[in-house]
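Beneath this line is the structure, given in structure tokens, with notes to follow.
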Amino acid sequence: METPLKRTLTTPLLYFFILGDVLGAGVYVLVGQVAAESGGAVWVPLVVALGLALLTASSYAELATKYPRAGGASHYTTLAYGPFAGFFAGFCMLAAGVVSVAALARGFGGDYLSVFVSLPVALVAVLFLGALALLNARGISESTRANVVATVIEVGGLALVIGLGAWVVLRGDGDVGRLTQLGTAGHSPTAAVLSGSVLAFYSFVGFETSVNVAEETRNPRRSYPRALFGALATAGVVYALVGAAASSAVRTSTLVQSSGPLLAVVEVAGGVPTWLFSVIALIAVANGALLTGIMSSRLAYGMARDGLLPQFLTRVLPGRRTPWAAIVTTTLLSLLLAVTGDVAALASTLVLLLLVVFFLVNTAVLRLRRDTVPHDHFTTPKAVALLASASCVLLATQIEGEVWARGSAVLAVGVLLAWVASRRRRKMAEGANPSA
């Protein structure tokens, strides 16, 4: 008999879950990368990316409140297009999630940790992922409460950067004129916004993971849209202010050349120990890995429950009612990638994989309009869903050819496995109903 997941998430916990996932480790290196594409007006592509993210988030809000169960994009796509597309969407999400956790595990054992202690990256990955798996298995409530603390620290660190940037400007060492410098030697203002928005869009992904815990939310119809749009709006404001603070306090060329652009703001401002940012960065990495690990395990659990993955993954701890089998499996896959170091080649395909998923979700929301449910749910305007679908295509055209080459190989594997899974499921259905 299937054991349902426990409903423990409130609106504030869900808000912090989404905010913590969006405000991940990427923000600490994002500003320099966006500046390289857009110029000093870093805040412009960040605002544009927020608008694009909100379009797709609106589709997720409808589907998560209409079908509040673990599985997320995979479940929605299965309902709209059948098990083949459902497995394919789930595979893309799982691949992105597992690789992301592996990359974050390696990042945790890198330069930031070496400020305090020097350990082999593989050893750090084993200990790091093991600790996260135990916290994940203990319970969604405990995991999200840990996320609240980590998110407050992350936001506090970003608020510090905003304050230090303002201080540099007030004392006369900054230049607010850079905030209007849109474009580079290789990009016109329009091209700069578009290419910068692709990178900036990556900073907002993470909100899609929250649909996998909708089943564990006490009142999804009321809580989910409020938490989702509230968290994205908060992240957008924080990102825009951080971008403005960094650009006005530090020369654009310095931001572009720095692997830690926010640390450059701390150094220019003075008065704050630089090691403090190493601590904040480590917390951000750990928090991002925890939340992505929760998503991956819930997604695997939901896909298994839909018959798209082995039923073993539906096993739940009797007392905690957390999907222990899915947690162990996804953690081991992330650990394998982390210790072998084969993460870099796949990490750059994350945005591409997610754009494929987002396109399927945005079109699924329209296809499922004819499907009625007995409860009230959020409804996104048709025009918004169409714009969201078009935005995914637009952003995909801006992704480099090398990324497409690597991503196509991952997508091909997903298509093959989806074909195998759909055939197996069809045979199982025929066996259960011989007269069909």
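Following the order of the structure tokens, first chain is A, next is B, and so on, with residues numbered from 1 inside each chain and ligands from 1 in the order they appear.
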
Within 9 Å of Ala304 (chain A), counting only C-alpha atoms, which residues show up once you throw out same-chain ones fewer than 6 positions away? Write them as a PDB file with all heavy atoms, in the first residue's frame, please.
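See result11.pdb below for the written result:
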```
ATOM      1  N   GLY A  71       6.792  14.696  -8.077  1.00  0.00           N
ATOM      2  CA  GLY A  71       6.974  14.295  -9.461  1.00  0.00           C
ATOM      3  C   GLY A  71       7.105  15.496 -10.360  1.00  0.00           C
ATOM      4  O   GLY A  71       7.792  15.467 -11.363  1.00  0.00           O
ATOM      5  N   PRO A 310      11.979   2.332 -11.370  1.00  0.00           N
ATOM      6  CA  PRO A 310      11.729   1.133 -10.562  1.00  0.00           C
ATOM      7  C   PRO A 310      10.935   1.443  -9.291  1.00  0.00           C
ATOM      8  O   PRO A 310      11.150   2.463  -8.636  1.00  0.00           O
ATOM      9  CB  PRO A 310      13.140   0.637 -10.236  1.00  0.00           C
ATOM     10  CG  PRO A 310      13.976   1.132 -11.370  1.00  0.00           C
ATOM     11  CD  PRO A 310      13.402   2.471 -11.745  1.00  0.00           C
ATOM     12  N   GLN A 311      10.015   0.528  -8.938  1.00  0.00           N
ATOM     13  CA  GLN A 311       9.158   0.720  -7.775  1.00  0.00           C
ATOM     14  C   GLN A 311       9.940   0.770  -6.462  1.00  0.00           C
ATOM     15  O   GLN A 311       9.450   1.287  -5.460  1.00  0.00           O
ATOM     16  CB  GLN A 311       8.122  -0.416  -7.710  1.00  0.00           C
ATOM     17  CG  GLN A 311       7.020  -0.280  -8.741  1.00  0.00           C
ATOM     18  CD  GLN A 311       6.193   0.974  -8.519  1.00  0.00           C
ATOM     19  OE1 GLN A 311       5.616   1.171  -7.458  1.00  0.00           O
ATOM     20  NE2 GLN A 311       6.145   1.837  -9.532  1.00  0.00           N
ATOM     21  N   PHE A 312      11.146   0.263  -6.483  1.00  0.00           N
ATOM     22  CA  PHE A 312      12.000   0.326  -5.292  1.00  0.00           C
ATOM     23  C   PHE A 312      12.124   1.752  -4.769  1.00  0.00           C
ATOM     24  O   PHE A 312      12.209   1.990  -3.560  1.00  0.00           O
ATOM     25  CB  PHE A 312      13.388  -0.232  -5.643  1.00  0.00           C
ATOM     26  CG  PHE A 312      14.462   0.128  -4.657  1.00  0.00           C
ATOM     27  CD1 PHE A 312      14.543  -0.515  -3.433  1.00  0.00           C
ATOM     28  CD2 PHE A 312      15.383   1.121  -4.953  1.00  0.00           C
ATOM     29  CE1 PHE A 312      15.532  -0.179  -2.523  1.00  0.00           C
ATOM     30  CE2 PHE A 312      16.376   1.465  -4.050  1.00  0.00           C
ATOM     31  CZ  PHE A 312      16.449   0.811  -2.830  1.00  0.00           C
ATOM     32  N   LEU A 313      12.105   2.728  -5.689  1.00  0.00           N
ATOM     33  CA  LEU A 313      12.302   4.126  -5.314  1.00  0.00           C
ATOM     34  C   LEU A 313      11.100   4.732  -4.595  1.00  0.00           C
ATOM     35  O   LEU A 313      11.174   5.863  -4.124  1.00  0.00           O
ATOM     36  CB  LEU A 313      12.636   4.958  -6.559  1.00  0.00           C
ATOM     37  CG  LEU A 313      13.937   4.586  -7.266  1.00  0.00           C
ATOM     38  CD1 LEU A 313      14.098   5.386  -8.545  1.00  0.00           C
ATOM     39  CD2 LEU A 313      15.133   4.819  -6.346  1.00  0.00           C
ATOM     40  N   THR A 314       9.995   4.004  -4.503  1.00  0.00           N
ATOM     41  CA  THR A 314       8.823   4.516  -3.787  1.00  0.00           C
ATOM     42  C   THR A 314       8.852   4.162  -2.306  1.00  0.00           C
ATOM     43  O   THR A 314       7.947   4.546  -1.564  1.00  0.00           O
ATOM     44  CB  THR A 314       7.515   3.961  -4.387  1.00  0.00           C
ATOM     45  OG1 THR A 314       7.491   2.529  -4.233  1.00  0.00           O
ATOM     46  CG2 THR A 314       7.396   4.323  -5.859  1.00  0.00           C
TER      47      THR A 314
END
```

List every residue of region 353-410 of chain A that DSSP, applied to the backbone of this structure, assigns to alpha helix (DSSP H), and report them as a PDB file with N, CA, C and O atoms, in the first residue's frame.
```pdb
ATOM      1  N   LEU A 353      19.104  21.808 -20.370  1.00  0.00           N
ATOM      2  CA  LEU A 353      18.194  20.769 -19.886  1.00  0.00           C
ATOM      3  C   LEU A 353      16.946  21.380 -19.263  1.00  0.00           C
ATOM      4  O   LEU A 353      15.821  20.919 -19.507  1.00  0.00           O
ATOM      5  N   LEU A 354      17.138  22.433 -18.475  1.00  0.00           N
ATOM      6  CA  LEU A 354      15.996  23.057 -17.814  1.00  0.00           C
ATOM      7  C   LEU A 354      15.105  23.803 -18.799  1.00  0.00           C
ATOM      8  O   LEU A 354      13.886  23.844 -18.628  1.00  0.00           O
ATOM      9  N   LEU A 355      15.689  24.392 -19.834  1.00  0.00           N
ATOM     10  CA  LEU A 355      14.862  25.063 -20.844  1.00  0.00           C
ATOM     11  C   LEU A 355      13.973  24.064 -21.574  1.00  0.00           C
ATOM     12  O   LEU A 355      12.823  24.370 -21.919  1.00  0.00           O
ATOM     13  N   VAL A 356      14.490  22.865 -21.821  1.00  0.00           N
ATOM     14  CA  VAL A 356      13.670  21.810 -22.435  1.00  0.00           C
ATOM     15  C   VAL A 356      12.498  21.472 -21.521  1.00  0.00           C
ATOM     16  O   VAL A 356      11.347  21.359 -21.958  1.00  0.00           O
ATOM     17  N   VAL A 357      12.791  21.320 -20.226  1.00  0.00           N
ATOM     18  CA  VAL A 357      11.736  21.017 -19.260  1.00  0.00           C
ATOM     19  C   VAL A 357      10.728  22.152 -19.188  1.00  0.00           C
ATOM     20  O   VAL A 357       9.513  21.924 -19.186  1.00  0.00           O
ATOM     21  N   PHE A 358      11.214  23.383 -19.122  1.00  0.00           N
ATOM     22  CA  PHE A 358      10.328  24.540 -19.014  1.00  0.00           C
ATOM     23  C   PHE A 358       9.400  24.636 -20.227  1.00  0.00           C
ATOM     24  O   PHE A 358       8.220  24.980 -20.102  1.00  0.00           O
ATOM     25  N   PHE A 359       9.927  24.356 -21.426  1.00  0.00           N
ATOM     26  CA  PHE A 359       9.096  24.406 -22.622  1.00  0.00           C
ATOM     27  C   PHE A 359       7.979  23.360 -22.534  1.00  0.00           C
ATOM     28  O   PHE A 359       6.820  23.647 -22.864  1.00  0.00           O
ATOM     29  N   LEU A 360       8.315  22.160 -22.095  1.00  0.00           N
ATOM     30  CA  LEU A 360       7.307  21.104 -21.961  1.00  0.00           C
ATOM     31  C   LEU A 360       6.242  21.485 -20.936  1.00  0.00           C
ATOM     32  O   LEU A 360       5.045  21.256 -21.147  1.00  0.00           O
ATOM     33  N   VAL A 361       6.663  22.089 -19.829  1.00  0.00           N
ATOM     34  CA  VAL A 361       5.719  22.484 -18.780  1.00  0.00           C
ATOM     35  C   VAL A 361       4.809  23.606 -19.271  1.00  0.00           C
ATOM     36  O   VAL A 361       3.590  23.583 -19.047  1.00  0.00           O
ATOM     37  N   ASN A 362       5.397  24.587 -19.949  1.00  0.00           N
ATOM     38  CA  ASN A 362       4.603  25.728 -20.419  1.00  0.00           C
ATOM     39  C   ASN A 362       3.573  25.320 -21.465  1.00  0.00           C
ATOM     40  O   ASN A 362       2.490  25.927 -21.553  1.00  0.00           O
ATOM     41  N   THR A 363       3.885  24.333 -22.281  1.00  0.00           N
ATOM     42  CA  THR A 363       2.907  23.850 -23.255  1.00  0.00           C
ATOM     43  C   THR A 363       1.923  22.874 -22.611  1.00  0.00           C
ATOM     44  O   THR A 363       0.760  22.814 -23.016  1.00  0.00           O
ATOM     45  N   ALA A 364       2.377  22.140 -21.602  1.00  0.00           N
ATOM     46  CA  ALA A 364       1.493  21.191 -20.913  1.00  0.00           C
ATOM     47  C   ALA A 364       0.355  21.907 -20.202  1.00  0.00           C
ATOM     48  O   ALA A 364      -0.768  21.398 -20.137  1.00  0.00           O
ATOM     49  N   VAL A 365       0.649  23.088 -19.654  1.00  0.00           N
ATOM     50  CA  VAL A 365      -0.384  23.802 -18.913  1.00  0.00           C
ATOM     51  C   VAL A 365      -1.558  24.166 -19.822  1.00  0.00           C
ATOM     52  O   VAL A 365      -2.716  24.188 -19.382  1.00  0.00           O
ATOM     53  N   LEU A 366      -1.280  24.406 -21.102  1.00  0.00           N
ATOM     54  CA  LEU A 366      -2.350  24.707 -22.059  1.00  0.00           C
ATOM     55  C   LEU A 366      -3.079  23.436 -22.484  1.00  0.00           C
ATOM     56  O   LEU A 366      -4.308  23.424 -22.613  1.00  0.00           O
ATOM     57  N   ARG A 367      -2.329  22.383 -22.690  1.00  0.00           N
ATOM     58  CA  ARG A 367      -2.943  21.122 -23.115  1.00  0.00           C
ATOM     59  C   ARG A 367      -3.857  20.541 -22.031  1.00  0.00           C
ATOM     60  O   ARG A 367      -4.851  19.872 -22.339  1.00  0.00           O
ATOM     61  N   LYS A 382      -3.650  32.447 -20.655  1.00  0.00           N
ATOM     62  CA  LYS A 382      -3.136  31.717 -21.809  1.00  0.00           C
ATOM     63  C   LYS A 382      -1.983  32.461 -22.478  1.00  0.00           C
ATOM     64  O   LYS A 382      -0.991  31.843 -22.892  1.00  0.00           O
ATOM     65  N   ALA A 383      -2.106  33.772 -22.566  1.00  0.00           N
ATOM     66  CA  ALA A 383      -1.062  34.571 -23.208  1.00  0.00           C
ATOM     67  C   ALA A 383       0.266  34.456 -22.462  1.00  0.00           C
ATOM     68  O   ALA A 383       1.338  34.437 -23.075  1.00  0.00           O
ATOM     69  N   VAL A 384       0.195  34.360 -21.138  1.00  0.00           N
ATOM     70  CA  VAL A 384       1.414  34.240 -20.331  1.00  0.00           C
ATOM     71  C   VAL A 384       2.100  32.903 -20.608  1.00  0.00           C
ATOM     72  O   VAL A 384       3.327  32.831 -20.750  1.00  0.00           O
ATOM     73  N   ALA A 385       1.306  31.834 -20.698  1.00  0.00           N
ATOM     74  CA  ALA A 385       1.876  30.514 -20.982  1.00  0.00           C
ATOM     75  C   ALA A 385       2.515  30.482 -22.371  1.00  0.00           C
ATOM     76  O   ALA A 385       3.577  29.866 -22.574  1.00  0.00           O
ATOM     77  N   LEU A 386       1.894  31.142 -23.335  1.00  0.00           N
ATOM     78  CA  LEU A 386       2.463  31.201 -24.682  1.00  0.00           C
ATOM     79  C   LEU A 386       3.763  32.001 -24.711  1.00  0.00           C
ATOM     80  O   LEU A 386       4.744  31.605 -25.349  1.00  0.00           O
ATOM     81  N   LEU A 387       3.774  33.131 -23.999  1.00  0.00           N
ATOM     82  CA  LEU A 387       5.003  33.927 -23.909  1.00  0.00           C
ATOM     83  C   LEU A 387       6.113  33.154 -23.204  1.00  0.00           C
ATOM     84  O   LEU A 387       7.287  33.244 -23.585  1.00  0.00           O
ATOM     85  N   ALA A 388       5.747  32.400 -22.186  1.00  0.00           N
ATOM     86  CA  ALA A 388       6.730  31.595 -21.467  1.00  0.00           C
ATOM     87  C   ALA A 388       7.352  30.553 -22.390  1.00  0.00           C
ATOM     88  O   ALA A 388       8.570  30.329 -22.370  1.00  0.00           O
ATOM     89  N   SER A 389       6.525  29.900 -23.205  1.00  0.00           N
ATOM     90  CA  SER A 389       7.038  28.909 -24.161  1.00  0.00           C
ATOM     91  C   SER A 389       7.990  29.567 -25.159  1.00  0.00           C
ATOM     92  O   SER A 389       9.071  29.035 -25.446  1.00  0.00           O
ATOM     93  N   ALA A 390       7.586  30.733 -25.680  1.00  0.00           N
ATOM     94  CA  ALA A 390       8.426  31.443 -26.643  1.00  0.00           C
ATOM     95  C   ALA A 390       9.741  31.890 -26.009  1.00  0.00           C
ATOM     96  O   ALA A 390      10.798  31.863 -26.667  1.00  0.00           O
ATOM     97  N   SER A 391       9.711  32.286 -24.736  1.00  0.00           N
ATOM     98  CA  SER A 391      10.937  32.739 -24.065  1.00  0.00           C
ATOM     99  C   SER A 391      11.948  31.604 -23.941  1.00  0.00           C
ATOM    100  O   SER A 391      13.162  31.830 -24.022  1.00  0.00           O
ATOM    101  N   CYS A 392      11.467  30.370 -23.737  1.00  0.00           N
ATOM    102  CA  CYS A 392      12.370  29.216 -23.651  1.00  0.00           C
ATOM    103  C   CYS A 392      13.087  28.999 -24.980  1.00  0.00           C
ATOM    104  O   CYS A 392      14.294  28.723 -25.013  1.00  0.00           O
ATOM    105  N   VAL A 393      12.336  29.133 -26.083  1.00  0.00           N
ATOM    106  CA  VAL A 393      12.937  28.974 -27.412  1.00  0.00           C
ATOM    107  C   VAL A 393      13.954  30.083 -27.656  1.00  0.00           C
ATOM    108  O   VAL A 393      15.058  29.840 -28.165  1.00  0.00           O
ATOM    109  N   LEU A 394      13.599  31.307 -27.280  1.00  0.00           N
ATOM    110  CA  LEU A 394      14.497  32.440 -27.477  1.00  0.00           C
ATOM    111  C   LEU A 394      15.808  32.249 -26.717  1.00  0.00           C
ATOM    112  O   LEU A 394      16.895  32.453 -27.275  1.00  0.00           O
ATOM    113  N   LEU A 395      15.724  31.872 -25.458  1.00  0.00           N
ATOM    114  CA  LEU A 395      16.928  31.682 -24.663  1.00  0.00           C
ATOM    115  C   LEU A 395      17.757  30.510 -25.194  1.00  0.00           C
ATOM    116  O   LEU A 395      18.995  30.559 -25.177  1.00  0.00           O
ATOM    117  N   ALA A 396      17.087  29.464 -25.671  1.00  0.00           N
ATOM    118  CA  ALA A 396      17.822  28.307 -26.201  1.00  0.00           C
ATOM    119  C   ALA A 396      18.642  28.683 -27.428  1.00  0.00           C
ATOM    120  O   ALA A 396      19.723  28.127 -27.655  1.00  0.00           O
ATOM    121  N   THR A 397      18.153  29.635 -28.227  1.00  0.00           N
ATOM    122  CA  THR A 397      18.899  30.058 -29.414  1.00  0.00           C
ATOM    123  C   THR A 397      20.163  30.823 -29.057  1.00  0.00           C
ATOM    124  O   THR A 397      21.055  30.992 -29.895  1.00  0.00           O
ATOM    125  N   GLY A 401      27.118  26.673 -29.280  1.00  0.00           N
ATOM    126  CA  GLY A 401      27.104  25.402 -29.994  1.00  0.00           C
ATOM    127  C   GLY A 401      27.745  24.263 -29.222  1.00  0.00           C
ATOM    128  O   GLY A 401      27.294  23.115 -29.297  1.00  0.00           O
ATOM    129  N   GLU A 402      28.832  24.557 -28.500  1.00  0.00           N
ATOM    130  CA  GLU A 402      29.507  23.513 -27.739  1.00  0.00           C
ATOM    131  C   GLU A 402      28.590  22.937 -26.659  1.00  0.00           C
ATOM    132  O   GLU A 402      28.605  21.737 -26.394  1.00  0.00           O
ATOM    133  N   VAL A 403      27.809  23.816 -26.034  1.00  0.00           N
ATOM    134  CA  VAL A 403      26.868  23.364 -25.017  1.00  0.00           C
ATOM    135  C   VAL A 403      25.772  22.515 -25.653  1.00  0.00           C
ATOM    136  O   VAL A 403      25.370  21.482 -25.104  1.00  0.00           O
ATOM    137  N   TRP A 404      25.315  22.920 -26.822  1.00  0.00           N
ATOM    138  CA  TRP A 404      24.311  22.140 -27.543  1.00  0.00           C
ATOM    139  C   TRP A 404      24.841  20.750 -27.883  1.00  0.00           C
ATOM    140  O   TRP A 404      24.102  19.755 -27.810  1.00  0.00           O
ATOM    141  N   ALA A 405      26.117  20.682 -28.267  1.00  0.00           N
ATOM    142  CA  ALA A 405      26.704  19.388 -28.624  1.00  0.00           C
ATOM    143  C   ALA A 405      26.703  18.438 -27.428  1.00  0.00           C
ATOM    144  O   ALA A 405      26.325  17.261 -27.534  1.00  0.00           O
ATOM    145  N   ARG A 406      27.127  18.951 -26.266  1.00  0.00           N
ATOM    146  CA  ARG A 406      27.133  18.107 -25.066  1.00  0.00           C
ATOM    147  C   ARG A 406      25.714  17.811 -24.604  1.00  0.00           C
ATOM    148  O   ARG A 406      25.386  16.681 -24.227  1.00  0.00           O
ATOM    149  N   GLY A 407      24.874  18.833 -24.648  1.00  0.00           N
ATOM    150  CA  GLY A 407      23.506  18.650 -24.193  1.00  0.00           C
ATOM    151  C   GLY A 407      22.731  17.679 -25.062  1.00  0.00           C
ATOM    152  O   GLY A 407      21.890  16.919 -24.564  1.00  0.00           O
ATOM    153  N   SER A 408      23.007  17.683 -26.362  1.00  0.00           N
ATOM    154  CA  SER A 408      22.299  16.780 -27.271  1.00  0.00           C
ATOM    155  C   SER A 408      22.584  15.325 -26.927  1.00  0.00           C
ATOM    156  O   SER A 408      21.704  14.461 -27.061  1.00  0.00           O
ATOM    157  N   ALA A 409      23.808  15.045 -26.485  1.00  0.00           N
ATOM    158  CA  ALA A 409      24.143  13.674 -26.096  1.00  0.00           C
ATOM    159  C   ALA A 409      23.326  13.243 -24.878  1.00  0.00           C
ATOM    160  O   ALA A 409      22.807  12.123 -24.817  1.00  0.00           O
ATOM    161  N   VAL A 410      23.193  14.148 -23.898  1.00  0.00           N
ATOM    162  CA  VAL A 410      22.395  13.842 -22.704  1.00  0.00           C
ATOM    163  C   VAL A 410      20.926  13.673 -23.081  1.00  0.00           C
ATOM    164  O   VAL A 410      20.249  12.746 -22.612  1.00  0.00           O
TER     165      VAL A 410
END
```

Test item: residues at most 8 Å from Ala159 (chain A), only C-alpha atoms, excluding those fewer than 3 positions along its chain, as a PyMOL selection string: chain A and resi 155-156+162-163+238+242

Nearby residues (only C-alpha atoms) at most 7 Å from Gly196 (chain A), same-chain spacing under 2 positions excluded, as a PyMOL selection string: chain A and resi 34+37-38+45+192-194+198-200

All residues 10 Å or closer to Gln181 (chain A), only C-alpha atoms, same chain fewer than 4 positions away omitted, as a ChimeraX atom specification: /A:38-42,176-177,189,247,252

Would you save the residues from that selection as a tab-separated table (two decimals), in the first residue's frame, using all heavy atoms?
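Output contents, as saved in part_9.tsv:
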```tsv
chain	number	residue	atom	x	y	z
A	38	SER	N	27.14	42.13	-20.68
A	38	SER	CA	26.24	43.28	-20.78
A	38	SER	C	26.91	44.62	-20.54
A	38	SER	O	26.36	45.66	-20.89
A	38	SER	CB	25.09	43.13	-19.77
A	38	SER	OG	25.59	43.15	-18.45
A	39	GLY	N	28.07	44.64	-19.89
A	39	GLY	CA	28.69	45.90	-19.52
A	39	GLY	C	28.34	46.27	-18.09
A	39	GLY	O	27.89	45.44	-17.30
A	40	GLY	N	28.51	47.54	-17.75
A	40	GLY	CA	28.32	47.98	-16.37
A	40	GLY	C	26.88	47.92	-15.88
A	40	GLY	O	26.63	47.80	-14.68
A	41	ALA	N	25.90	47.98	-16.79
A	41	ALA	CA	24.48	47.95	-16.39
A	41	ALA	C	24.04	46.52	-16.11
A	41	ALA	O	23.13	45.99	-16.77
A	41	ALA	CB	23.63	48.59	-17.48
A	42	VAL	N	24.67	45.91	-15.13
A	42	VAL	CA	24.40	44.50	-14.80
A	42	VAL	C	22.95	44.29	-14.40
A	42	VAL	O	22.36	43.23	-14.66
A	42	VAL	CB	25.35	44.04	-13.67
A	42	VAL	CG1	25.06	42.60	-13.27
A	42	VAL	CG2	26.80	44.18	-14.10
A	176	VAL	N	28.53	55.76	-10.18
A	176	VAL	CA	27.17	55.32	-10.53
A	176	VAL	C	26.91	55.43	-12.03
A	176	VAL	O	25.94	54.85	-12.54
A	176	VAL	CB	26.11	56.14	-9.75
A	176	VAL	CG1	26.20	55.86	-8.27
A	176	VAL	CG2	26.27	57.63	-10.05
A	177	GLY	N	27.79	56.14	-12.76
A	177	GLY	CA	27.63	56.25	-14.21
A	177	GLY	C	27.73	54.90	-14.90
A	177	GLY	O	27.19	54.72	-15.99
A	189	PRO	N	23.81	47.21	-27.38
A	189	PRO	CA	22.96	47.19	-26.18
A	189	PRO	C	21.90	46.09	-26.21
A	189	PRO	O	21.67	45.40	-25.20
A	189	PRO	CB	22.35	48.59	-26.18
A	189	PRO	CG	23.40	49.44	-26.83
A	189	PRO	CD	23.98	48.58	-27.90
A	247	SER	N	28.59	46.93	-9.49
A	247	SER	CA	29.00	47.69	-10.66
A	247	SER	C	29.41	49.12	-10.32
A	247	SER	O	30.35	49.65	-10.91
A	247	SER	CB	27.86	47.71	-11.69
A	247	SER	OG	28.27	48.34	-12.88
A	252	THR	N	34.18	47.73	-14.05
A	252	THR	CA	33.62	46.61	-14.80
A	252	THR	C	34.69	45.60	-15.19
A	252	THR	O	34.48	44.38	-15.12
A	252	THR	CB	32.90	47.12	-16.07
A	252	THR	OG1	31.91	48.09	-15.70
A	252	THR	CG2	32.24	45.97	-16.82
```

Leu50 (chain A) surroundings by only C-alpha atoms, 8 Å radius, close-in-sequence under 4 positions cut, as a list in words: Leu46, Leu54, Phe201, Phe204, Leu232, Ala233 and Gly236 of chain A

Contacts of Val279 (chain A) at 12 Å (only C-alpha atoms; same-chain gap of 6+ positions) as a list in words: Ala25, Phe108, Asp111, Tyr112, Leu113, Ser114, Val115, Phe116, Ala150, Ile153, Glu154, Gly157, Leu263, Pro273, Val285 and Ala286 of chain A

Of the listed residues A:Ala231, A:Leu262, A:Leu290, A:Leu299, that which approaches Ala246 (chain A) most closely, counting only C-alpha atoms: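 Using only C-alpha atoms, the shortest distance to Ala246 (chain A) belongs to A:Leu262.
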